[in-house]
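Asks: Please see the structure below; I have some questions.
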Amino acid sequence: MADALIAPPEDGSDMPTVTVGGLPIAVLDRAATADWMIRAARTHPRGQRPLYLTSANGEVIARAAADPAFAGQILSADQIVADGQPLVVASRLRCRTPLPGRVATTDLFHDVAERAVVSGATFYMLGATREENARAVANVRLRYPGLAIAGACHGFLKDAALDAKLAEIDALKPDILWLAMGVPHEQNFVARHAEKLPNVGMIKTSGGLFNFLSGTNSRAPEWMQKASLEWVYRIWLEPRRLFWRYAVTNPKALYLMATRSA
């Protein structure tokens, strides 16, 4: 198992997983995930569907249990990593192998960016509003001046404009496409459009990542993250948008993690 954490397979096909809340979660920490993303994205043969890496938290677990179509979109990923700390806690209580740690996309992005500067891996940042996207990209360029960002675009294109943008992205051939549209929109996007991006190495669904990179949103204090309480902090920041979401999904997710983990 230790060897697998250090050097997971390039395509993720034989990566060790455990079941948490009914979903197969990769037994990887952040550093190993970042290492795998760089290696896999750069070596993935072009001319076929990009690798697809997504994340699971309580909302994803609850949605997957209630919506077979969404569950299929999640399970079609080459790997699923644990974005929520409650999944890590559940694995320690219920699984044969505990997850080594949380792989929060807001932290993972920086791990991957640091490695991309060294390796030369290229990024494309797709999602959020025009303003949020521009601020996120500007902040990333300031923090990582050696990072090759092939391009960026907001996430509200449709029809012909979207098709043209996808063709543009594919022509740029980024190693990693960071797709920040939120659940379930980004999973729908992958299902509908990934085949149009054969020259992209990997798609990483990213939720609200760009809102953090832009500086609009802030992370919860570290003690709240470790105590599985980041959702409380997020409700405090965005009560109208998030209160009912968490009120509905959290109890379902806790039940599923207690009964569908192994």
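Chain labels follow the order of the structure tokens: the first chain is A, the next B, and so on; residue numbering restarts at 1 in every chain, and ligands are counted from 1 in their shown order.
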Any chance you could list, as JSON, numbers by chain, the residues in region 78-245 of chain A that come up alpha helix (DSSP H) when DSSP is run on the backbone?

Replies: {"A": [85, 86, 87, 88, 89, 90, 91, 92, 93, 94, 105, 106, 107, 108, 109, 110, 111, 112, 113, 114, 115, 116, 117, 118, 119, 130, 131, 132, 133, 134, 135, 136, 137, 138, 139, 140, 141, 142, 143, 159, 160, 161, 162, 163, 164, 165, 166, 167, 168, 169, 170, 171, 172, 185, 186, 187, 188, 189, 190, 191, 192, 193, 209, 210, 211, 212, 213, 222, 223, 224, 225, 226, 230, 231, 232, 233, 234, 235, 236, 237, 239, 240, 241, 242, 243, 244, 245]}

Asks: Do you have, as CSV, the list of residues of region 137-192 of chain A lying at most 12 Å from region 97-107 of chain A, each with its nearest atom pair and that distance in Å to one decimal, counting only C-alpha atoms and ordered by chain then number?

Replies:
residue,atom,partner,partner_atom,distance
A:Trp178,CA,A:Thr105,CA,10.1
A:Leu179,CA,A:Thr105,CA,11.2
A:Ala180,CA,A:Thr105,CA,10.4

Asks: What is the distance between CA of Glu132 (chain A) and CA of Gly155 (chain A), in Å to one decimal?

Replies: 10.2 Å

Asks: Name all residues at most 7 Å from region 44-48 of chain A (count only C-alpha atoms; drop same-chain ones fewer than 2 positions away) and give them as a short mmCIF file (atom, residue, chain, number, x, y, z; two decimals) with C-alpha atoms, in the first residue's frame.

Replies:
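Contents of selection-v2.cif, freshly written:
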data_model
loop_
_atom_site.label_atom_id
_atom_site.label_comp_id
_atom_site.auth_asym_id
_atom_site.auth_seq_id
_atom_site.Cartn_x
_atom_site.Cartn_y
_atom_site.Cartn_z
CA ALA A 40 -0.70 11.05 -15.66
CA ALA A 41 -1.79 14.25 -17.41
CA ARG A 42 1.54 14.64 -19.21
CA PRO A 50 -9.00 13.05 -21.25
CA PRO A 198 -8.96 14.58 -27.13
CA ASN A 199 -5.81 16.71 -26.84
CA VAL A 200 -6.36 17.56 -23.16
CA GLY A 201 -4.47 15.38 -20.70
#

Asks: Just want the 12 Å neighbourhood of Phe212 (chain A), counted on only C-alpha atoms, with same-chain residues fewer than 3 positions away dropped. Output as a ChimeraX atom specification.

Replies: /A:105-107,109-110,128,132-133,135-137,139-140,180,206-209,215-220,234

Asks: One decimal, Å: what's the distance from CA of Ala69 (chain A) over to CA of Met257 (chain A), could you say?

Replies: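 Computed distance, CA of Ala69 (chain A) to CA of Met257 (chain A), equals 20.1 Å.
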
Asks: Using only C-alpha atoms, which of the listed residues (A:Gly21, A:Gly151, A:Gly127, A:Gly146) sits closest to Phe189 (chain A)?

Replies: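 Checking each of A:Gly21, A:Gly151, A:Gly127, A:Gly146 against Phe189 (chain A), counting only C-alpha atoms, the winner is A:Gly127.
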
Asks: Out of A:Met15, A:Ile38, A:Ala161, A:Glu59, which residue has the shortest atom-to-atom distance to Val117 (chain A) when counting only C-alpha atoms?

Replies: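 Nearest candidate to Val117 (chain A) out of A:Met15, A:Ile38, A:Ala161, A:Glu59: A:Ile38.
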
Asks: Just to confirm, what's the straight-line distance from CA of Pro184 (chain A) to CA of Phe70 (chain A) in Å (one decimal)?

Replies: 7.4 Å

Asks: Restricting the calculation to only C-alpha atoms, which member of A:Leu256, A:Ala191, A:Ile203, A:Leu108 is positioned closest to Phe123 (chain A)?

Replies: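 Of A:Leu256, A:Ala191, A:Ile203, A:Leu108, the one nearest Phe123 (chain A), counting only C-alpha atoms, is A:Ile203.
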
Asks: Enumerate, as JSON, numbers by chain, the complete set of residues in region 9-234 of chain A that a backbone-based DSSP assignment places in strand (DSSP E).

Replies: {"A": [17, 18, 19, 20, 23, 24, 25, 26, 51, 52, 53, 54, 55, 56, 79, 80, 81, 82, 122, 123, 124, 125, 126, 127, 148, 149, 150, 151, 152, 153, 176, 177, 178, 179, 180, 202, 203, 204, 205]}

Asks: Next, write the just-selected residues to a file, as a PDB file, in the first residue's frame, keeping C-alpha atoms as the atom set.

Replies:
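Final output, out29.pdb:
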ATOM      1  CA  THR A  17      -9.644   2.399  -3.267  1.00  0.00           C
ATOM      2  CA  VAL A  18     -11.991   1.987  -0.339  1.00  0.00           C
ATOM      3  CA  THR A  19     -15.753   2.422  -0.356  1.00  0.00           C
ATOM      4  CA  VAL A  20     -17.035   5.445   1.551  1.00  0.00           C
ATOM      5  CA  LEU A  23     -18.370   5.492  -3.693  1.00  0.00           C
ATOM      6  CA  PRO A  24     -14.877   4.119  -4.440  1.00  0.00           C
ATOM      7  CA  ILE A  25     -12.431   6.651  -3.024  1.00  0.00           C
ATOM      8  CA  ALA A  26      -8.743   6.592  -3.937  1.00  0.00           C
ATOM      9  CA  LEU A  51      -8.448  11.436 -17.901  1.00  0.00           C
ATOM     10  CA  TYR A  52     -11.173  12.527 -15.502  1.00  0.00           C
ATOM     11  CA  LEU A  53     -10.499  13.202 -11.822  1.00  0.00           C
ATOM     12  CA  THR A  54     -13.331  14.258  -9.540  1.00  0.00           C
ATOM     13  CA  SER A  55     -13.909  14.715  -5.818  1.00  0.00           C
ATOM     14  CA  ALA A  56     -16.453  13.491  -3.308  1.00  0.00           C
ATOM     15  CA  GLN A  79     -10.348   8.424  -9.876  1.00  0.00           C
ATOM     16  CA  ILE A  80     -12.412   9.958  -7.069  1.00  0.00           C
ATOM     17  CA  VAL A  81     -10.621  11.650  -4.184  1.00  0.00           C
ATOM     18  CA  ALA A  82     -11.980  12.635  -0.770  1.00  0.00           C
ATOM     19  CA  THR A 122       0.235  23.448 -18.597  1.00  0.00           C
ATOM     20  CA  PHE A 123      -3.133  24.544 -17.174  1.00  0.00           C
ATOM     21  CA  TYR A 124      -6.415  25.816 -18.583  1.00  0.00           C
ATOM     22  CA  MET A 125      -8.890  27.396 -16.154  1.00  0.00           C
ATOM     23  CA  LEU A 126     -12.539  27.108 -17.193  1.00  0.00           C
ATOM     24  CA  GLY A 127     -15.440  28.202 -15.035  1.00  0.00           C
ATOM     25  CA  ALA A 148       2.238  27.983 -17.953  1.00  0.00           C
ATOM     26  CA  ILE A 149      -1.471  28.876 -18.141  1.00  0.00           C
ATOM     27  CA  ALA A 150      -2.484  28.101 -21.707  1.00  0.00           C
ATOM     28  CA  GLY A 151      -5.757  29.966 -21.384  1.00  0.00           C
ATOM     29  CA  ALA A 152      -8.853  30.693 -19.326  1.00  0.00           C
ATOM     30  CA  CYS A 153     -12.557  31.367 -19.807  1.00  0.00           C
ATOM     31  CA  ILE A 176      -4.775  19.825 -16.970  1.00  0.00           C
ATOM     32  CA  LEU A 177      -8.141  21.508 -17.460  1.00  0.00           C
ATOM     33  CA  TRP A 178      -9.426  22.873 -14.135  1.00  0.00           C
ATOM     34  CA  LEU A 179     -13.221  22.826 -14.525  1.00  0.00           C
ATOM     35  CA  ALA A 180     -14.979  24.965 -11.899  1.00  0.00           C
ATOM     36  CA  MET A 202      -6.824  15.529 -17.712  1.00  0.00           C
ATOM     37  CA  ILE A 203      -9.994  17.241 -16.504  1.00  0.00           C
ATOM     38  CA  LYS A 204     -10.186  18.005 -12.773  1.00  0.00           C
ATOM     39  CA  THR A 205     -13.596  19.069 -11.494  1.00  0.00           C
TER      40      THR A 205
END

Asks: With only C-alpha atoms as the counted atoms, please give the residues lying no more than 8 Å from region 65-67 of chain A, apart from itself and same-chain residues fewer than 4 positions off, as a list in words.

Replies: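 The neighbour list is Gly22, Ile61 and Ala71 of chain A.
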
Asks: Please determine, counting only C-alpha atoms, which residue among A:Asp111, A:Thr129, A:Val27, A:Trp223 has the shortest atom-to-atom distance to Arg96 (chain A).

Replies: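 The answer is A:Val27, which sits nearest to Arg96 (chain A).
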